[in-house]
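Everything on this sheet refers to the single structure shown next.
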Amino acid sequence: MTDLPLIGDYSTPTTELSGARIGVVTFPGTLDDRDAARGVRMAGGEAVALWHADEDLQGVDAVVIPGGFSYGDYLRAGAIARFAPMMDRIIDAANSDAKLPVLGICNGFQILTEAHLLPGSMVKNDHLKFICRDQILRVENNTTAWTNQFAAGQEISIPLKNQDGQYVADEKVLDELEAEGRVVFRYVGWNPNGSRRDIAGISNAAGNVVGLMPHPEHAVEAGYGPDHTGTDGLGFFTSVLTQLVGGTK
């Protein structure tokens with residue numbers, strides 16, 4: 001089975017970005033780990049598989065916590081995965097002086113809130129239904145480890161698929177996120193899940209940890225999306241690789 005795009009050639013030759021190693025975590029119930037790993041490879045990095053029960057980060061330079069339904073979303077989405085041994089290592093590394101870059105996508109975003117790496121929480125969509133669609137996002141903060149290859153205010157199209165996608169937080173936290181520029185993405189045109197203030201993604205204060213509900217790993221090759229370019233998600237992976245190679249981590 002080929003690993004090349006079906007339409008167009010977005011394979012990446014060996015470049016200076018190839019030296020960066022990005023870990024992709026798998027939990028029981030993870031669905032999108034292989035997609036995230038492919039996004040890393042297509043951006044030019046090396047994807048490193050990380051198992052939830054292990055305690056070795058294998059010297060990776062950054063981590064992606066991908067989407068799915070870890071532990072079947074029992075208790076709450078992400079509530080059990082937060083206590084995995086691998087998450088302990090990720091929390092320590094993200095909060096260390098090295099500030100390991102961490103991206104949480106969908107269920108990964110839920111896990112990051114449960115781990116208190118990001119504030120707030122994720123609850124059921126306000127319409128109480130699973131939703132799957134192409135979603136326009138506006139880039140509100142292009143200075144994080146995962147967004148530096150976008151322009152501030154740029155609108156991108158990213159697939160969205162969730163049932164626990166409503167981001168909630170109290171007004172004090174929301175005001176702090178706004179004041180500190182930590183709202184990274186906002187829904188444009190329609191709020192698909194009732195998230196407060198149309199928030200689709202946020203960061204921690206240092207900007208090394210980012211969580212978002214839509215799935216950039218499903219927008220890394222031509223032939224998909226409403227305009228059939230389908231590559232808006234590559235910017236997430238090239239952003240972190242560029243930062244790592246630039247020595248600014």
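Lettering and numbering for the structure tokens are positional, with chains as A, B, ... in the shown order, residues counted from 1 in each chain, and ligands counted from 1 in the shown order.
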
Please report, as a Markdown table, each residue of segment 171-232 of chain A lying at most 12 Å from segment 68-74 of chain A, together with the nearest pair of atoms and the separation in Å rounded to one decimal; use only C-alpha atoms, and order rows by chain and ascending residue number.
```
| residue | atom | partner | partner_atom | distance |
| --- | --- | --- | --- | --- |
| A:Met213 | CA | A:Gly68 | CA | 11.2 |
| A:Pro214 | CA | A:Gly68 | CA | 11.9 |
| A:His215 | CA | A:Gly68 | CA | 10.7 |
```

Only all heavy atoms, please: the residues just picked out, written as a short mmCIF file (atom, residue, chain, number, x, y, z; two decimals), in the first residue's frame.
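Contents of out-v9.cif, freshly written:
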```
data_model
loop_
_atom_site.label_atom_id
_atom_site.label_comp_id
_atom_site.auth_asym_id
_atom_site.auth_seq_id
_atom_site.Cartn_x
_atom_site.Cartn_y
_atom_site.Cartn_z
N MET A 213 -9.72 21.16 18.38
CA MET A 213 -10.70 20.11 18.13
C MET A 213 -10.64 19.59 16.69
O MET A 213 -10.68 18.38 16.47
CB MET A 213 -12.10 20.62 18.48
CG MET A 213 -13.19 19.57 18.46
SD MET A 213 -12.85 18.01 19.36
CE MET A 213 -12.33 18.60 20.96
N PRO A 214 -10.52 20.42 15.65
CA PRO A 214 -10.42 19.89 14.28
C PRO A 214 -9.12 19.12 14.05
O PRO A 214 -8.19 19.17 14.87
CB PRO A 214 -10.49 21.15 13.42
CG PRO A 214 -11.20 22.16 14.27
CD PRO A 214 -10.70 21.89 15.66
N HIS A 215 -9.05 18.43 12.90
CA HIS A 215 -7.99 17.45 12.64
C HIS A 215 -7.06 17.88 11.51
O HIS A 215 -7.28 17.55 10.34
CB HIS A 215 -8.63 16.12 12.24
CG HIS A 215 -9.27 15.37 13.36
ND1 HIS A 215 -8.65 14.32 14.01
CD2 HIS A 215 -10.47 15.52 13.97
CE1 HIS A 215 -9.45 13.84 14.96
NE2 HIS A 215 -10.56 14.56 14.95
#
```

Query raised in the report: Excluding same-chain residues fewer than 2 positions from segment 47-52 of chain A, what lies within 9 Å of it counting only C-alpha atoms, as a PyMOL selection string?
Result: chain A and resi 20-28+33+36-41+45+54-58+60+63+81+84-87

Export, as a tab-separated table (two decimals), in the first residue's frame, the selected residues with C-alpha atoms.
```
chain	number	residue	atom	x	y	z
A	20	ALA	CA	13.50	16.29	13.91
A	21	ARG	CA	11.80	13.36	15.68
A	22	ILE	CA	8.10	13.79	16.53
A	23	GLY	CA	6.47	11.29	18.88
A	24	VAL	CA	2.89	10.15	18.22
A	25	VAL	CA	1.12	8.58	21.20
A	26	THR	CA	-1.24	5.61	20.91
A	27	PHE	CA	-3.84	4.78	23.59
A	28	PRO	CA	-6.42	1.98	23.52
A	33	ASP	CA	-2.22	7.97	15.21
A	36	ALA	CA	-0.72	12.03	12.50
A	37	ALA	CA	2.47	10.08	11.83
A	38	ARG	CA	1.89	10.48	8.12
A	39	GLY	CA	1.46	14.22	8.56
A	40	VAL	CA	4.82	14.35	10.34
A	41	ARG	CA	6.51	12.40	7.54
A	45	GLY	CA	10.14	14.86	10.02
A	54	ASP	CA	5.61	3.10	28.33
A	55	GLU	CA	7.60	5.68	30.25
A	56	ASP	CA	10.31	6.42	27.70
A	57	LEU	CA	9.87	9.44	25.42
A	58	GLN	CA	12.68	8.03	23.26
A	60	VAL	CA	11.70	12.91	20.76
A	63	VAL	CA	4.81	15.05	20.73
A	81	ALA	CA	-5.81	8.49	29.31
A	84	ALA	CA	-1.21	6.81	31.48
A	85	PRO	CA	2.51	6.50	32.32
A	86	MET	CA	3.41	8.17	29.01
A	87	MET	CA	1.30	11.20	29.94
```

Contact table segment 30-139 of chain A vs segment 154-173 of chain A, cut-off 12 Å, shortest pair per residue, only C-alpha atoms, as a tab-separated table:
```
residue	atom	partner	partner_atom	distance
A:Leu31	CA	A:Lys161	CA	11.8
A:Asp32	CA	A:Lys161	CA	11.5
A:Gly67	CA	A:Asn162	CA	9.3
A:Gly68	CA	A:Asn162	CA	9.0
A:Phe69	CA	A:Asn162	CA	9.8
A:Asp73	CA	A:Asp164	CA	9.4
A:Arg76	CA	A:Asp164	CA	9.1
A:Ala77	CA	A:Asp164	CA	7.2
A:Gly78	CA	A:Asp164	CA	10.3
A:Ile105	CA	A:Leu160	CA	10.3
A:Cys106	CA	A:Asn162	CA	7.2
A:Asn107	CA	A:Asn162	CA	8.6
A:Gly108	CA	A:Gly165	CA	11.4
A:Phe109	CA	A:Gly165	CA	9.3
A:Gln110	CA	A:Gly165	CA	8.5
A:Ile111	CA	A:Asp164	CA	11.8
A:Thr113	CA	A:Tyr167	CA	9.9
A:Leu118	CA	A:Val173	CA	10.7
A:Pro119	CA	A:Ala169	CA	7.4
A:Gly120	CA	A:Ala169	CA	4.5
A:Ser121	CA	A:Val168	CA	5.4
A:Met122	CA	A:Tyr167	CA	4.7
A:Val123	CA	A:Asp164	CA	4.9
A:Lys124	CA	A:Asp164	CA	4.0
A:Asn125	CA	A:Gln166	CA	5.1
A:Asp126	CA	A:Gln166	CA	6.9
A:His127	CA	A:Gln163	CA	9.2
A:Leu128	CA	A:Gln163	CA	7.1
A:Lys129	CA	A:Gln163	CA	6.0
A:Phe130	CA	A:Gln163	CA	4.3
A:Ile131	CA	A:Lys161	CA	5.4
A:Cys132	CA	A:Lys161	CA	4.2
A:Arg133	CA	A:Leu160	CA	5.4
A:Asp134	CA	A:Pro159	CA	4.3
A:Gln135	CA	A:Ile158	CA	5.3
A:Ile136	CA	A:Ser157	CA	4.5
A:Leu137	CA	A:Ile156	CA	5.4
A:Arg138	CA	A:Glu155	CA	4.4
A:Val139	CA	A:Gln154	CA	5.3
```

Selected residues written out, N, CA, C and O atoms, as a short mmCIF file (atom, residue, chain, number, x, y, z; two decimals), in the first residue's frame:
```cif
data_model
loop_
_atom_site.label_atom_id
_atom_site.label_comp_id
_atom_site.auth_asym_id
_atom_site.auth_seq_id
_atom_site.Cartn_x
_atom_site.Cartn_y
_atom_site.Cartn_z
N LEU A 31 -7.59 6.48 17.17
CA LEU A 31 -7.94 6.19 15.78
C LEU A 31 -7.01 6.85 14.76
O LEU A 31 -6.86 6.36 13.65
N ASP A 32 -6.42 7.97 15.13
CA ASP A 32 -5.76 8.82 14.13
C ASP A 32 -4.26 8.91 14.31
O ASP A 32 -3.62 9.84 13.82
N GLY A 67 -6.20 12.02 17.76
CA GLY A 67 -7.62 11.86 18.03
C GLY A 67 -8.05 10.41 18.14
O GLY A 67 -7.30 9.48 17.86
N GLY A 68 -9.29 10.23 18.55
CA GLY A 68 -9.88 8.91 18.72
C GLY A 68 -10.81 8.90 19.92
O GLY A 68 -11.39 9.92 20.28
N PHE A 69 -10.93 7.74 20.53
CA PHE A 69 -11.79 7.57 21.70
C PHE A 69 -11.02 6.77 22.74
O PHE A 69 -11.31 5.60 22.98
N ASP A 73 -13.82 6.61 25.85
CA ASP A 73 -14.41 7.82 26.44
C ASP A 73 -15.18 7.52 27.73
O ASP A 73 -16.10 8.26 28.11
N ARG A 76 -15.16 10.33 31.27
CA ARG A 76 -15.21 11.51 30.40
C ARG A 76 -14.17 11.30 29.32
O ARG A 76 -13.20 10.56 29.51
N ALA A 77 -14.34 11.99 28.20
CA ALA A 77 -13.34 11.89 27.14
C ALA A 77 -11.99 12.35 27.66
O ALA A 77 -11.85 13.48 28.14
N GLY A 78 -11.00 11.47 27.59
CA GLY A 78 -9.64 11.80 28.01
C GLY A 78 -9.36 11.60 29.48
O GLY A 78 -8.20 11.71 29.91
N ILE A 105 -4.85 16.83 19.45
CA ILE A 105 -5.86 16.95 18.41
C ILE A 105 -7.11 16.19 18.84
O ILE A 105 -7.06 15.00 19.11
N CYS A 106 -8.26 16.87 18.92
CA CYS A 106 -9.54 16.28 19.25
C CYS A 106 -9.46 15.55 20.60
O CYS A 106 -9.41 16.19 21.63
N ASN A 107 -9.43 14.22 20.61
CA ASN A 107 -9.28 13.51 21.87
C ASN A 107 -7.99 13.92 22.58
O ASN A 107 -7.94 13.95 23.81
N GLY A 108 -6.97 14.26 21.80
CA GLY A 108 -5.74 14.76 22.39
C GLY A 108 -5.94 16.08 23.12
O GLY A 108 -5.35 16.32 24.18
N PHE A 109 -6.79 16.95 22.58
CA PHE A 109 -7.15 18.21 23.23
C PHE A 109 -7.88 17.90 24.54
O PHE A 109 -7.60 18.49 25.59
N GLN A 110 -8.79 16.96 24.49
CA GLN A 110 -9.51 16.56 25.70
C GLN A 110 -8.55 16.04 26.77
O GLN A 110 -8.68 16.36 27.95
N ILE A 111 -7.57 15.24 26.35
CA ILE A 111 -6.59 14.70 27.29
C ILE A 111 -5.76 15.83 27.89
O ILE A 111 -5.46 15.83 29.09
N THR A 113 -6.64 18.90 28.48
CA THR A 113 -7.40 19.61 29.51
C THR A 113 -7.52 18.76 30.78
O THR A 113 -7.42 19.29 31.89
N LEU A 118 -3.69 22.34 29.68
CA LEU A 118 -4.49 23.43 29.13
C LEU A 118 -5.71 23.63 30.03
O LEU A 118 -6.24 22.66 30.58
N PRO A 119 -6.18 24.87 30.16
CA PRO A 119 -7.33 25.12 31.04
C PRO A 119 -8.66 24.81 30.36
O PRO A 119 -8.73 24.64 29.14
N GLY A 120 -9.72 24.74 31.16
CA GLY A 120 -11.05 24.49 30.63
C GLY A 120 -11.34 23.02 30.51
O GLY A 120 -10.61 22.16 31.03
N SER A 121 -12.41 22.71 29.78
CA SER A 121 -12.83 21.32 29.64
C SER A 121 -13.62 21.17 28.34
O SER A 121 -14.04 22.16 27.73
N MET A 122 -13.80 19.91 27.93
CA MET A 122 -14.58 19.59 26.73
C MET A 122 -15.81 18.81 27.16
O MET A 122 -15.71 17.84 27.91
N VAL A 123 -16.99 19.22 26.68
CA VAL A 123 -18.24 18.53 26.99
C VAL A 123 -18.97 18.21 25.70
O VAL A 123 -18.51 18.54 24.60
N LYS A 124 -20.12 17.54 25.82
CA LYS A 124 -20.90 17.15 24.65
C LYS A 124 -21.23 18.36 23.78
O LYS A 124 -21.47 19.46 24.28
N ASN A 125 -21.27 18.13 22.47
CA ASN A 125 -21.72 19.18 21.56
C ASN A 125 -23.09 19.70 21.99
O ASN A 125 -23.92 18.92 22.48
N ASP A 126 -23.34 20.97 21.80
CA ASP A 126 -24.59 21.55 22.28
C ASP A 126 -25.81 20.95 21.61
O ASP A 126 -26.91 20.95 22.17
N HIS A 127 -25.65 20.37 20.40
CA HIS A 127 -26.76 19.72 19.71
C HIS A 127 -26.82 18.22 20.02
O HIS A 127 -27.70 17.52 19.51
N LEU A 128 -25.87 17.74 20.84
CA LEU A 128 -25.85 16.35 21.32
C LEU A 128 -25.75 15.32 20.20
O LEU A 128 -26.23 14.20 20.32
N LYS A 129 -25.08 15.69 19.11
CA LYS A 129 -24.89 14.77 17.99
C LYS A 129 -23.43 14.79 17.57
O LYS A 129 -22.73 15.80 17.70
N PHE A 130 -22.98 13.65 17.05
CA PHE A 130 -21.67 13.59 16.41
C PHE A 130 -21.71 14.42 15.14
O PHE A 130 -22.72 14.44 14.42
N ILE A 131 -20.62 15.13 14.86
CA ILE A 131 -20.57 15.97 13.68
C ILE A 131 -19.29 15.70 12.91
O ILE A 131 -18.23 15.46 13.50
N CYS A 132 -19.37 15.69 11.58
CA CYS A 132 -18.21 15.51 10.72
C CYS A 132 -18.38 16.42 9.52
O CYS A 132 -19.37 16.29 8.77
N ARG A 133 -17.43 17.35 9.33
CA ARG A 133 -17.55 18.32 8.23
C ARG A 133 -16.21 19.01 8.03
O ARG A 133 -15.32 18.96 8.89
N ASP A 134 -16.05 19.66 6.87
CA ASP A 134 -14.93 20.57 6.68
C ASP A 134 -15.25 21.86 7.41
O ASP A 134 -16.35 22.40 7.28
N GLN A 135 -14.30 22.36 8.19
CA GLN A 135 -14.55 23.53 9.03
C GLN A 135 -13.51 24.62 8.76
O GLN A 135 -12.31 24.34 8.72
N ILE A 136 -13.97 25.84 8.57
CA ILE A 136 -13.07 26.97 8.42
C ILE A 136 -12.65 27.46 9.80
O ILE A 136 -13.48 27.66 10.69
N LEU A 137 -11.35 27.65 9.97
CA LEU A 137 -10.79 28.19 11.20
C LEU A 137 -10.02 29.47 10.87
O LEU A 137 -9.43 29.59 9.80
N ARG A 138 -10.02 30.40 11.80
CA ARG A 138 -9.17 31.58 11.70
C ARG A 138 -8.00 31.43 12.66
O ARG A 138 -8.18 31.10 13.84
N VAL A 139 -6.80 31.66 12.16
CA VAL A 139 -5.60 31.60 12.99
C VAL A 139 -5.50 32.89 13.78
O VAL A 139 -5.24 33.96 13.23
#
```

| request: Give me every helix (DSSP H, G or I) residue in segment 131-194 of chain A, going by DSSP on the backbone, as a ChimeraX atom specification. | output: /A:171-179

- request: Find the residues around Gly235 of chain A up to 8 Å (only C-alpha atoms counted), leave out those fewer than 3 positions away in its own chain, and share them as a list in words.
  value: Trp146, Thr147, Gln149, Phe150, Asp232, Thr238 and Ser239 of chain A

Export of the given selection (N, CA and C atoms) as a compact mmCIF listing (two decimals), in the first residue's frame:
```txt
# COMPACT_ATOMS: atom_id res chain seq x y z
N TRP A 146 3.31 25.46 17.09
CA TRP A 146 2.57 24.69 16.09
C TRP A 146 1.88 25.56 15.04
N THR A 147 2.07 26.89 15.11
CA THR A 147 1.34 27.77 14.17
C THR A 147 2.22 28.82 13.52
N GLN A 149 4.02 28.91 10.97
CA GLN A 149 4.07 28.96 9.51
C GLN A 149 2.77 29.50 8.90
N PHE A 150 1.83 29.89 9.75
CA PHE A 150 0.60 30.54 9.29
C PHE A 150 0.73 32.04 9.45
N ASP A 232 -4.01 22.41 4.10
CA ASP A 232 -3.92 23.43 5.14
C ASP A 232 -3.37 22.87 6.45
N THR A 238 4.90 21.52 9.76
CA THR A 238 6.07 22.28 9.33
C THR A 238 6.41 23.37 10.34
N SER A 239 5.41 23.86 11.07
CA SER A 239 5.69 24.88 12.09
C SER A 239 6.60 24.33 13.18
```

Practice task
Would you list, as a ChimeraX atom specification, the residues of segment 20-224 of chain A that end up in strand (DSSP E or B) under DSSP run on this structure's backbone?
Solution key: /A:21-26,30,46-51,62-65,68,102-105,121-123,131-139,155-162,166-168,183-187,199-203,209-212

Expressed in Å, the length from atom CA of Ala115 of chain A to atom CA of Ala219 of chain A is 26.9 Å

query = When distances are computed from only C-alpha atoms, which of A:Pro192, A:Pro216, A:Pro226, A:Gly29 shows the smallest separation from Val64 of chain A?
reply =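 Closest residue, counting only C-alpha atoms: A:Pro216.
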
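From atom CA of His228 of chain A back to atom CA of Thr143 of chain A, the distance works out to 27.5 Å.
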
re atom CA of Asp35 of chain A and atom CA of Glu217 of chain A: distance 5.8 Å

Exercise: Thr231 of chain A partners within 8 Å, only C-alpha atoms, chain neighbours under 5 positions left out, as a PDB file with N, CA and C atoms, in the first residue's frame:
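So the final result, stored in result-v4.pdb, reads:
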```pdb
ATOM      1  N   ALA A 219      -5.662  16.884   6.652  1.00  0.00           N
ATOM      2  CA  ALA A 219      -5.591  17.914   5.605  1.00  0.00           C
ATOM      3  C   ALA A 219      -4.140  18.134   5.214  1.00  0.00           C
ATOM      4  N   VAL A 220      -3.501  17.058   4.762  1.00  0.00           N
ATOM      5  CA  VAL A 220      -2.074  17.144   4.440  1.00  0.00           C
ATOM      6  C   VAL A 220      -1.752  16.733   2.997  1.00  0.00           C
ATOM      7  N   GLU A 221      -2.778  16.529   2.170  1.00  0.00           N
ATOM      8  CA  GLU A 221      -2.486  16.165   0.789  1.00  0.00           C
ATOM      9  C   GLU A 221      -3.560  16.703  -0.152  1.00  0.00           C
ATOM     10  N   ALA A 222      -3.155  16.905  -1.390  1.00  0.00           N
ATOM     11  CA  ALA A 222      -4.044  17.471  -2.387  1.00  0.00           C
ATOM     12  C   ALA A 222      -5.168  16.501  -2.742  1.00  0.00           C
TER      13      ALA A 222
END
```

Select, from A:Val245, A:Gly19, A:Pro66, A:Ile199, the residue with the minimum atom-to-atom distance to His218 of chain A, counting only C-alpha atoms.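 The shortest atom-to-atom distance to His218 of chain A comes from A:Pro66.
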
Can you pull out every residue within 10 Å of Ile91 of chain A, counting only C-alpha atoms, but drop anything in the same chain fewer than 4 positions away, and send it as a PDB file with C-alpha atoms, in the first residue's frame?
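Once everything was written out, this is around.pdb:
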```
ATOM      1  CA  ARG A  82      -4.590  11.400  31.400  1.00  0.00           C
ATOM      2  CA  MET A  86       3.409   8.171  29.015  1.00  0.00           C
ATOM      3  CA  MET A  87       1.301  11.197  29.935  1.00  0.00           C
ATOM      4  CA  ASN A  95       6.428  21.938  31.926  1.00  0.00           C
ATOM      5  CA  SER A  96      10.227  21.645  32.040  1.00  0.00           C
ATOM      6  CA  LYS A  99       9.282  23.150  27.082  1.00  0.00           C
ATOM      7  CA  LEU A 100       8.649  20.116  24.894  1.00  0.00           C
ATOM      8  CA  VAL A 102       2.940  19.132  22.467  1.00  0.00           C
ATOM      9  CA  LEU A 112      -4.580  17.936  27.606  1.00  0.00           C
ATOM     10  CA  ALA A 115      -4.014  16.692  32.397  1.00  0.00           C
ATOM     11  CA  HIS A 116      -4.242  20.421  33.224  1.00  0.00           C
ATOM     12  CA  LEU A 117      -1.703  21.272  30.568  1.00  0.00           C
TER      13      LEU A 117
END
```

Using only C-alpha atoms, which protein or nucleic acid residues come within 12 Å of Glu178 of chain A? Drop anything in the same chain fewer than 2 positions from it, and give the result as a VMD selection string. chain A and resid 140 to 141 171 to 176 180 to 186 196 to 199 201 to 203 205
